[in-house]
$ cat coords-v7.tsv   # TSV, C-alpha atoms and all ligand atoms
chain	number	residue	atom	x	y	z
A	23	MET	CA	-82.87	31.95	-24.02
A	24	ASP	CA	-85.29	32.89	-26.86
A	25	ALA	CA	-88.38	30.77	-27.57
A	26	ASP	CA	-86.92	28.93	-30.57
A	27	LEU	CA	-83.74	28.03	-28.68
A	28	THR	CA	-85.72	26.97	-25.62
A	29	LEU	CA	-87.68	24.56	-27.82
A	30	ARG	CA	-84.49	23.27	-29.44
A	31	ALA	CA	-82.79	22.89	-26.05
A	32	LYS	CA	-85.80	20.87	-24.84
A	33	GLU	CA	-85.68	18.69	-27.94
A	34	PHE	CA	-81.89	18.47	-27.61
A	35	ALA	CA	-82.21	17.23	-24.03
A	36	SER	CA	-85.11	14.84	-24.59
A	37	GLN	CA	-82.92	11.70	-24.86
A	38	ASP	CA	-79.98	12.60	-22.68
A	39	PRO	CA	-79.83	15.66	-20.40
A	40	PHE	CA	-76.91	17.00	-22.50
A	41	PRO	CA	-76.30	14.91	-25.63
A	42	MET	CA	-72.77	14.66	-26.98
A	43	LYS	CA	-71.43	12.55	-29.83
A	44	GLY	CA	-67.84	12.31	-28.64
A	45	PHE	CA	-64.60	14.23	-28.38
A	46	GLY	CA	-64.03	16.82	-31.11
A	47	PRO	CA	-60.62	18.26	-31.91
A	48	ALA	CA	-58.20	18.92	-29.04
A	49	GLU	CA	-56.41	22.18	-29.87
A	50	TRP	CA	-52.83	22.70	-28.74
A	51	TRP	CA	-51.38	26.21	-28.49
A	52	VAL	CA	-47.67	25.95	-29.14
A	53	GLY	CA	-44.60	28.03	-29.97
A	54	ASN	CA	-44.03	26.46	-33.38
A	55	ALA	CA	-47.09	24.86	-34.98
A	56	PHE	CA	-45.19	23.55	-38.01
A	57	MET	CA	-42.67	21.64	-35.89
A	58	THR	CA	-45.31	20.33	-33.47
A	59	ALA	CA	-47.44	19.09	-36.36
A	60	GLN	CA	-44.39	17.40	-37.86
A	61	ALA	CA	-43.58	15.80	-34.49
A	62	PHE	CA	-47.12	14.46	-34.02
A	63	ARG	CA	-46.98	13.11	-37.57
A	64	ALA	CA	-43.58	11.46	-37.15
A	65	LEU	CA	-43.96	10.26	-33.56
A	66	LEU	CA	-47.69	9.43	-33.29
A	67	GLY	CA	-48.37	8.58	-36.96
A	68	MET	CA	-51.03	11.29	-37.33
A	69	GLN	CA	-51.89	12.63	-40.78
A	70	ILE	CA	-51.79	16.38	-41.48
A	71	VAL	CA	-55.10	16.88	-43.29
A	72	GLY	CA	-55.65	20.64	-43.04
A	73	TYR	CA	-53.86	23.97	-42.82
A	74	ARG	CA	-54.87	27.56	-42.16
A	75	GLY	CA	-52.58	30.56	-41.92
A	76	PRO	CA	-51.40	33.67	-43.76
A	77	GLU	CA	-51.41	31.74	-47.09
A	78	THR	CA	-55.13	30.93	-46.67
A	79	GLY	CA	-56.18	34.39	-45.49
A	80	VAL	CA	-55.75	33.93	-41.72
A	81	SER	CA	-53.02	36.43	-40.88
A	82	ASP	CA	-52.54	36.02	-37.11
A	83	ARG	CA	-51.75	32.30	-36.78
A	84	SER	CA	-50.58	29.07	-38.39
A	85	SER	CA	-52.72	26.07	-37.64
A	86	TYR	CA	-52.58	22.41	-38.68
A	87	LEU	CA	-55.34	19.82	-38.44
A	88	LEU	CA	-54.10	16.28	-37.70
A	89	VAL	CA	-56.04	13.03	-37.54
A	90	SER	CA	-55.47	9.41	-36.64
A	91	ASP	CA	-58.73	7.55	-37.26
A	92	GLN	CA	-61.17	9.39	-34.92
A	93	ILE	CA	-58.52	11.41	-33.06
A	94	GLN	CA	-58.34	15.04	-34.15
A	95	PHE	CA	-55.67	17.48	-32.97
A	96	ILE	CA	-55.28	21.08	-34.02
A	97	VAL	CA	-51.88	22.67	-33.38
A	98	THR	CA	-51.74	26.42	-33.55
A	99	GLY	CA	-49.00	29.01	-33.19
A	100	ALA	CA	-49.10	32.82	-33.33
A	101	GLN	CA	-47.53	35.03	-36.00
A	102	ASP	CA	-46.76	37.74	-33.44
A	103	GLY	CA	-45.22	37.77	-29.96
A	104	ASP	CA	-48.00	39.82	-28.35
A	105	HIS	CA	-50.78	37.58	-29.69
A	106	GLU	CA	-53.05	35.82	-27.17
A	107	ILE	CA	-51.61	32.46	-28.29
A	108	ALA	CA	-48.00	33.62	-27.77
A	109	GLU	CA	-48.94	34.97	-24.31
A	110	HIS	CA	-50.56	31.62	-23.49
A	111	VAL	CA	-47.43	29.72	-24.55
A	112	LYS	CA	-45.23	32.14	-22.56
A	113	LEU	CA	-47.25	31.48	-19.39
A	114	HIS	CA	-48.05	27.76	-19.72
A	115	GLY	CA	-45.58	26.40	-22.24
A	116	PRO	CA	-47.14	24.33	-25.03
A	117	GLY	CA	-50.44	22.88	-23.89
A	118	VAL	CA	-54.00	21.91	-24.68
A	119	LYS	CA	-56.12	25.06	-24.95
A	120	ASP	CA	-59.37	23.51	-26.12
A	121	VAL	CA	-60.98	20.13	-25.44
A	122	GLY	CA	-63.74	20.07	-28.05
A	123	PHE	CA	-67.04	18.21	-27.71
A	124	LEU	CA	-69.07	17.11	-30.75
A	125	VAL	CA	-72.77	17.86	-30.20
A	126	PRO	CA	-75.89	17.35	-32.33
A	127	ASP	CA	-76.91	21.05	-32.12
A	128	ALA	CA	-74.15	23.52	-31.18
A	129	LYS	CA	-76.42	26.57	-30.78
A	130	ALA	CA	-78.79	24.71	-28.44
A	131	ALA	CA	-75.86	23.16	-26.55
A	132	PHE	CA	-74.18	26.54	-26.09
A	133	ALA	CA	-77.44	28.18	-24.96
A	134	MET	CA	-78.07	25.37	-22.50
A	135	ALA	CA	-74.49	25.50	-21.09
A	136	VAL	CA	-74.70	29.27	-20.63
A	137	ASP	CA	-78.16	28.94	-19.10
A	138	ASN	CA	-76.64	26.44	-16.66
A	139	GLY	CA	-74.06	29.06	-15.65
A	140	ALA	CA	-71.13	28.52	-18.06
A	141	LEU	CA	-68.99	31.55	-18.90
A	142	PRO	CA	-69.10	32.06	-22.69
A	143	GLU	CA	-65.76	32.24	-24.48
A	144	ARG	CA	-67.14	32.60	-28.02
A	145	SER	CA	-70.77	32.71	-29.20
A	146	PRO	CA	-71.72	30.09	-31.78
A	147	GLU	CA	-70.94	30.99	-35.38
A	148	VAL	CA	-71.66	29.19	-38.63
A	149	ILE	CA	-68.62	28.55	-40.81
A	150	GLU	CA	-68.99	26.89	-44.20
A	151	ASN	CA	-67.20	26.30	-47.45
A	152	ALA	CA	-67.56	23.89	-50.39
A	153	ASP	CA	-66.25	20.96	-48.29
A	154	GLY	CA	-68.16	21.28	-45.04
A	155	ARG	CA	-70.31	23.20	-42.60
A	156	MET	CA	-69.70	23.80	-38.92
A	157	VAL	CA	-71.42	25.56	-36.03
A	158	ILE	CA	-68.96	26.28	-33.22
A	159	GLY	CA	-69.10	28.12	-29.91
A	160	ALA	CA	-67.00	27.77	-26.75
A	161	ILE	CA	-67.25	28.08	-22.99
A	162	HIS	CA	-64.60	28.45	-20.27
A	163	ALA	CA	-63.50	25.49	-18.16
A	164	TYR	CA	-60.63	24.95	-15.64
A	165	GLY	CA	-57.66	27.34	-15.79
A	166	ASP	CA	-57.30	28.88	-19.25
A	167	THR	CA	-58.82	25.79	-20.91
A	168	VAL	CA	-62.01	26.02	-22.97
A	169	HIS	CA	-64.53	23.55	-24.37
A	170	SER	CA	-65.68	24.14	-27.94
A	171	LEU	CA	-69.15	22.83	-28.73
A	172	ILE	CA	-69.03	21.68	-32.32
A	173	GLU	CA	-71.65	20.59	-34.82
A	174	ILE	CA	-70.08	19.52	-38.10
A	175	GLU	CA	-70.99	18.03	-41.47
A	176	GLY	CA	-68.24	17.14	-43.94
A	177	ALA	CA	-64.69	18.47	-43.62
A	178	ASP	CA	-63.69	21.17	-41.09
A	179	PRO	CA	-64.38	24.35	-43.11
A	180	ARG	CA	-61.78	26.39	-41.20
A	181	PHE	CA	-58.96	24.50	-42.90
A	182	GLU	CA	-57.67	24.15	-46.42
A	183	ILE	CA	-57.62	20.41	-47.12
A	184	ARG	CA	-54.21	18.76	-47.38
A	185	THR	CA	-53.40	15.24	-48.46
A	186	ASP	CA	-50.78	13.49	-46.36
A	187	THR	CA	-48.86	10.76	-48.13
A	188	VAL	CA	-46.00	10.77	-45.60
A	189	ALA	CA	-47.65	9.76	-42.30
A	190	ARG	CA	-47.54	6.10	-41.29
A	191	SER	CA	-50.26	5.17	-38.78
A	192	ALA	CA	-49.30	3.88	-35.32
A	193	GLY	CA	-52.78	2.40	-34.90
A	194	LEU	CA	-54.10	5.20	-32.65
A	195	HIS	CA	-57.84	5.15	-32.84
A	196	ALA	CA	-59.76	7.58	-30.57
A	197	ILE	CA	-59.48	9.91	-27.58
A	198	ASP	CA	-60.47	7.64	-24.67
A	199	HIS	CA	-60.33	10.26	-21.91
A	200	VAL	CA	-58.81	13.65	-21.11
A	201	VAL	CA	-57.49	14.31	-17.61
A	202	ALA	CA	-57.48	17.67	-15.83
A	203	ASN	CA	-55.24	18.71	-12.94
A	204	VAL	CA	-56.95	21.24	-10.68
A	205	GLU	CA	-55.84	23.21	-7.61
A	206	LEU	CA	-55.78	21.88	-4.07
A	207	GLY	CA	-59.29	22.05	-2.60
A	208	LYS	CA	-60.97	22.67	-5.95
A	209	MET	CA	-61.91	19.11	-6.92
A	210	ASN	CA	-65.51	19.36	-5.80
A	211	TYR	CA	-65.93	22.75	-7.44
A	212	TRP	CA	-65.03	21.20	-10.82
A	213	VAL	CA	-67.08	18.05	-10.21
A	214	GLU	CA	-70.07	20.28	-9.53
A	215	PHE	CA	-69.19	22.41	-12.59
A	216	TYR	CA	-69.44	19.42	-14.97
A	217	GLU	CA	-72.60	18.19	-13.26
A	218	ARG	CA	-74.27	21.60	-13.52
A	219	ILE	CA	-73.08	22.81	-16.96
A	220	PHE	CA	-73.11	19.55	-18.96
A	221	ALA	CA	-75.20	17.18	-16.77
A	222	PHE	CA	-72.17	14.88	-16.36
A	223	THR	CA	-72.22	12.23	-13.66
A	224	MET	CA	-69.42	10.94	-11.47
A	225	LEU	CA	-68.33	7.54	-12.74
A	226	LYS	CA	-65.62	6.77	-10.23
A	227	HIS	CA	-63.95	8.25	-7.20
A	228	PHE	CA	-60.44	7.41	-6.00
A	229	ASP	CA	-59.42	8.97	-2.71
A	230	ASP	CA	-55.90	9.67	-1.52
A	231	ASP	CA	-55.63	6.28	0.21
A	232	ALA	CA	-56.17	4.56	-3.13
A	233	ILE	CA	-53.69	6.78	-4.96
A	234	SER	CA	-50.65	7.16	-2.78
A	235	THR	CA	-47.02	6.15	-2.71
A	236	GLU	CA	-44.55	6.42	0.12
A	237	TYR	CA	-44.08	10.10	-0.71
A	238	THR	CA	-47.08	11.61	-2.44
A	239	ALA	CA	-50.82	11.33	-2.88
A	240	LEU	CA	-53.58	12.59	-5.11
A	241	MET	CA	-57.33	12.32	-5.44
A	242	SER	CA	-59.16	11.62	-8.66
A	243	LYS	CA	-62.81	11.73	-9.72
A	244	VAL	CA	-63.97	10.61	-13.14
A	245	MET	CA	-66.75	12.68	-14.73
A	246	ALA	CA	-68.65	11.21	-17.68
A	247	GLY	CA	-71.17	12.72	-20.05
A	248	GLY	CA	-72.94	12.32	-23.37
A	249	SER	CA	-74.18	8.84	-22.30
A	250	GLY	CA	-70.57	7.88	-21.51
A	251	VAL	CA	-68.82	8.98	-24.74
A	252	ILE	CA	-66.96	11.73	-22.87
A	253	LYS	CA	-64.78	10.80	-19.89
A	254	LEU	CA	-62.93	13.50	-17.97
A	255	PRO	CA	-61.01	12.40	-14.87
A	256	ILE	CA	-60.09	15.29	-12.56
A	257	ASN	CA	-57.03	15.15	-10.28
A	258	GLU	CA	-56.37	17.19	-7.19
A	259	PRO	CA	-53.15	17.04	-5.15
A	260	ALA	CA	-53.47	15.51	-1.69
A	261	HIS	CA	-51.22	15.91	1.30
A	262	GLY	CA	-48.08	13.74	1.19
A	263	LYS	CA	-44.49	13.80	2.48
A	264	LYS	CA	-43.20	15.28	-0.76
A	265	LYS	CA	-44.47	17.26	-3.73
A	266	SER	CA	-46.99	15.32	-5.81
A	267	GLN	CA	-46.89	15.15	-9.60
A	268	ILE	CA	-50.05	17.31	-9.63
A	269	GLU	CA	-48.31	20.07	-7.66
A	270	GLU	CA	-45.34	19.83	-10.00
A	271	TYR	CA	-47.71	20.26	-12.94
A	272	LEU	CA	-49.40	23.28	-11.34
A	273	ASP	CA	-45.99	24.86	-10.58
A	274	PHE	CA	-44.98	24.65	-14.23
A	275	TYR	CA	-48.28	25.08	-16.10
A	276	LYS	CA	-49.14	27.90	-13.65
A	277	THR	CA	-52.88	27.15	-13.69
A	278	PRO	CA	-55.08	24.06	-13.84
A	279	GLY	CA	-55.01	22.43	-17.25
A	280	VAL	CA	-54.92	19.21	-19.24
A	281	GLN	CA	-52.51	16.69	-17.70
A	282	HIS	CA	-52.85	13.84	-20.18
A	283	LEU	CA	-54.79	12.67	-23.18
A	284	ALA	CA	-55.44	8.94	-23.37
A	285	LEU	CA	-55.42	7.62	-26.93
A	286	SER	CA	-56.86	4.19	-27.64
A	287	THR	CA	-55.46	1.47	-29.85
A	288	ASP	CA	-56.72	-2.02	-30.69
A	289	ASP	CA	-53.24	-3.49	-30.23
A	290	LEU	CA	-51.15	-1.72	-27.62
A	291	GLN	CA	-48.12	-4.01	-27.92
A	292	THR	CA	-47.75	-3.30	-31.65
A	293	THR	CA	-48.43	0.43	-31.15
A	294	ILE	CA	-45.83	0.75	-28.37
A	295	ALA	CA	-43.17	-1.25	-30.21
A	296	ASP	CA	-43.85	1.02	-33.20
A	297	ILE	CA	-43.70	4.36	-31.36
A	298	HIS	CA	-40.59	3.32	-29.40
A	299	GLY	CA	-39.02	2.84	-32.83
A	300	ARG	CA	-40.06	6.38	-33.75
A	301	GLY	CA	-38.30	7.84	-30.71
A	302	ILE	CA	-41.04	8.23	-28.09
A	303	GLU	CA	-40.03	7.13	-24.61
A	304	THR	CA	-42.61	5.65	-22.29
A	305	ILE	CA	-42.30	5.31	-18.52
A	306	TYR	CA	-40.13	2.55	-17.09
A	307	VAL	CA	-41.91	-0.12	-15.08
A	308	PRO	CA	-39.61	-2.05	-12.71
A	309	SER	CA	-39.49	-5.82	-13.05
A	310	GLU	CA	-40.99	-6.29	-9.53
A	311	TYR	CA	-44.31	-5.09	-10.95
A	312	TYR	CA	-44.81	-8.11	-13.21
A	313	PRO	CA	-45.04	-11.15	-10.88
A	314	GLU	CA	-47.74	-9.27	-8.94
A	315	ALA	CA	-49.55	-8.25	-12.17
A	316	ARG	CA	-49.45	-11.84	-13.47
A	317	GLU	CA	-51.08	-12.98	-10.26
A	318	ARG	CA	-53.80	-10.31	-10.48
A	319	LEU	CA	-54.54	-11.30	-14.08
A	320	SER	CA	-53.94	-15.03	-13.81
A	321	ASP	CA	-57.10	-15.85	-15.78
A	322	VAL	CA	-56.02	-13.78	-18.82
A	323	GLU	CA	-53.82	-15.20	-21.59
A	324	LEU	CA	-51.08	-12.60	-22.26
A	325	ASP	CA	-47.57	-12.47	-23.73
A	326	TRP	CA	-46.01	-11.38	-20.41
A	327	GLU	CA	-42.47	-11.40	-21.70
A	328	ARG	CA	-43.29	-8.87	-24.41
A	329	ILE	CA	-45.50	-6.83	-22.08
A	330	GLU	CA	-42.62	-6.52	-19.62
A	331	GLN	CA	-40.13	-5.77	-22.37
A	332	LEU	CA	-42.37	-2.88	-23.54
A	333	SER	CA	-43.03	-1.66	-19.93
A	334	ILE	CA	-46.78	-2.01	-20.37
A	335	LEU	CA	-49.10	-1.90	-17.34
A	336	VAL	CA	-52.07	-4.26	-17.06
A	337	ASP	CA	-55.22	-4.00	-14.96
A	338	GLN	CA	-58.56	-5.72	-14.56
A	339	ASP	CA	-62.03	-4.73	-13.40
A	340	ASP	CA	-65.47	-6.39	-13.34
A	341	ASP	CA	-65.92	-5.89	-17.09
A	342	GLY	CA	-62.58	-7.12	-18.43
A	343	TYR	CA	-58.95	-6.02	-18.55
A	344	LEU	CA	-56.91	-3.21	-20.02
A	345	LEU	CA	-53.34	-2.53	-21.11
A	346	GLN	CA	-51.88	0.94	-20.74
A	347	THR	CA	-48.70	2.97	-20.71
A	348	PHE	CA	-47.67	6.61	-20.50
A	349	THR	CA	-45.17	8.74	-22.37
A	350	LYS	CA	-42.49	10.78	-20.74
A	351	MET	CA	-42.88	14.53	-21.29
A	352	LEU	CA	-43.08	15.64	-24.92
A	353	GLN	CA	-42.16	19.24	-24.14
A	354	ASP	CA	-39.57	20.94	-21.94
A	355	ARG	CA	-41.81	21.59	-18.94
A	356	PRO	CA	-43.16	18.67	-16.86
A	357	THR	CA	-46.78	19.31	-17.82
A	358	VAL	CA	-48.80	17.41	-20.44
A	359	PHE	CA	-48.19	13.83	-21.62
A	360	PHE	CA	-49.99	10.97	-23.40
A	361	GLU	CA	-51.44	7.67	-22.27
A	362	PHE	CA	-51.95	4.82	-24.72
A	363	ILE	CA	-54.68	2.36	-23.79
A	364	GLU	CA	-56.13	-0.88	-25.13
A	365	ARG	CA	-59.41	-1.88	-23.51
A	366	ARG	CA	-60.38	-5.54	-23.48
A	367	GLY	CA	-63.77	-4.94	-21.90
A	368	ALA	CA	-62.48	-3.00	-18.89
A	369	THR	CA	-64.13	0.36	-18.34
A	370	GLY	CA	-61.85	1.57	-15.54
A	371	PHE	CA	-58.68	3.64	-15.55
A	372	GLY	CA	-56.08	1.22	-14.23
A	373	ILE	CA	-56.50	1.78	-10.48
A	374	GLY	CA	-54.45	-1.37	-9.85
A	375	ASN	CA	-51.54	0.34	-11.63
A	376	PHE	CA	-51.68	3.70	-9.92
A	377	LYS	CA	-49.02	2.88	-7.34
A	378	ALA	CA	-46.55	1.45	-9.89
A	379	LEU	CA	-47.33	4.30	-12.26
A	380	PHE	CA	-46.86	7.06	-9.69
A	381	GLU	CA	-43.64	5.55	-8.38
A	382	SER	CA	-42.37	5.58	-11.93
A	383	ILE	CA	-43.49	9.21	-12.40
A	384	GLU	CA	-41.81	10.14	-9.11
A	385	ARG	CA	-38.50	8.69	-10.30
A	386	GLU	CA	-38.68	11.11	-13.26
A	387	GLN	CA	-39.78	13.95	-10.96
A	388	ALA	CA	-36.81	13.26	-8.66
A	389	LYS	CA	-34.42	13.44	-11.64
A	390	ARG	CA	-35.81	16.93	-12.35
A	391	GLY	CA	-35.27	17.93	-8.72
A	392	ASN	CA	-38.99	18.54	-8.22
A	393	LEU	CA	-39.97	15.75	-5.81
B	401	FE2	FE	-55.59	8.14	-17.93
$ encode --input "coords-v7.tsv" --output "structure tokens"
Amino acid sequence: MDADLTLRAKEFASQDPFPMKGFGPAEWWVGNAFMTAQAFRALLGMQIVGYRGPETGVSDRSSYLLVSDQIQFIVTGAQDGDHEIAEHVKLHGPGVKDVGFLVPDAKAAFAMAVDNGALPERSPEVIENADGRMVIGAIHAYGDTVHSLIEIEGADPRFEIRTDTVARSAGLHAIDHVVANVELGKMNYWVEFYERIFAFTMLKHFDDDAISTEYTALMSKVMAGGSGVIKLPINEPAHGKKKSQIEEYLDFYKTPGVQHLALSTDDLQTTIADIHGRGIETIYVPSEYYPEARERLSDVELDWERIEQLSILVDQDDDGYLLQTFTKMLQDRPTVFFEFIERRGATGFGIGNFKALFESIEREQAKRGNL
């Protein structure tokens, strides 16, 4: 690291060992960016606010920028079959290529990550136009996934601004957490990776006894960074009688990758009723779940009838409670999906729901013949 960058890295790390402001854009690499952008707009109520492609001087791809409050997705498709993006889609199916982090100083953050042993994917570059300025670099993470380190003022200068008068918000507010599935035996490697590269700390640890059903098990560790604004749970398959959902993911995605993105809302019941009406299916929760959930949360005033009707899961920890549910797959392969979450104080991830959730996922897995 040169002297100026060393100074900036020191300054950068003076408050927090690796300051981050929050999640930046999550970039999806897909077979048809136009259709995916339209689907996210119609089904999740996201606005299409930017475009880049052959018409704007970028000849190799078509890319749309979508937002819902603080959530930013980029969906990108290749113009040619032998392009890196097309190869990625051929191997993995549509998936999340880049989980971006917003940082106060992208050059210092990149230098520090590389100094800590990260493999660079792209050196930081400055991109600017009349609407905004950005410094962006990227490093490699699990599988073929990367993390962009992004410093931005104003609008994303890579995109031509679009105004969306069609999208109708579903109340989705922010990316709450992004979950990775990694290979058997690799959990601690990736825990150590986030500790070393980004000075993350382990927030929670669930072992295979906590997360098991009659048939399958998994382990999960939650890494957090940027003073808690970034939360990245990591799942590893554990030994069970049958194939776990994590193994099914790895069989179809072919490498580790993003399993789900959790999107927050201030009113989950309204959001779920809304997105069901748009055509998104969420997992089915059997009626036996609810008497037990009511007992667990007996001190919380909730509209249980509606919660059950919408198949919403409820959990509680020392800080409060949370409501959550999960979509079925939004692409052909059983790989990535969404969680929707409303936090009423709770900081956890719904450990009390894991068994009900995984049994529900296993019913879907069994229908696919992959259990
Ligand atoms: Fe989650």
$ residues_around --input "coords-v7.tsv" --residues "Val52 (chain A)" --least-positions-apart "4" --cutoff "9 Å" --atoms "only C-alpha atoms" --output "PyMOL selection string"
chain A and resi 58+97-100+107-108+110-111+115-118
$ closest_residue --input "coords-v7.tsv" --among "A:Ala378, A:Leu290, A:Met241, A:Ala368" --to "Ser309 (chain A)" --atoms "all atoms listed in the file"
A:Ala378
$ residues_around --input "coords-v7.tsv" --residues "Gly75 (chain A)" --least-positions-apart "5" --cutoff "7 Å" --atoms "only C-alpha atoms" --output "list in words"
Val80, Ser81, Arg83, Ser84 and Ser85 of chain A
$ closest_residue --input "coords-v7.tsv" --among "A:Ala163, A:Ala140, A:Ile93, A:Ala239" --to "Ser286 (chain A)" --atoms "all atoms listed in the file"
A:Ile93
$ residues_near_ligand --input "coords-v7.tsv" --ligand "ligand FE2 401 (chain B)" --cutoff "12 Å" --atoms "all atoms listed in the file" --output "PyMOL selection string"
chain A and resi 197-203+242-244+253-257+280-286+335+344-349+358-364+369-373+375-376+379
$ residues_around --input "coords-v7.tsv" --residues "Leu88 (chain A)" --least-positions-apart "4" --cutoff "12 Å" --atoms "only C-alpha atoms" --output "PyMOL selection string"
chain A and resi 46-50+55-56+58-64+66-73+92-98+178+181+183-186+189+191
$ closest_residue --input "coords-v7.tsv" --among "A:Ala192, A:Asp325, A:Asp26, A:Pro278" --to "Ile294 (chain A)" --atoms "only C-alpha atoms"
A:Ala192
$ closest_residue --input "coords-v7.tsv" --among "A:Ile161, A:Met134, A:Val336, A:Ile297" --to "Arg316 (chain A)" --atoms "only C-alpha atoms"
A:Val336
$ axis_aligned_box --input "coords-v7.tsv" --around "region 248-263 of chain A" --padding-each-side "6 Å" --output "AutoDock Vina command-line options"
--center_x -59.3 --center_y 12.5 --center_z -11.1 --size_x 41.7 --size_y 21.3 --size_z 39.2
$ closest_residue --input "coords-v7.tsv" --among "A:Lys112, A:Arg155, A:Arg300, A:Arg180" --to "Tyr86 (chain A)" --atoms "only C-alpha atoms"
A:Arg180
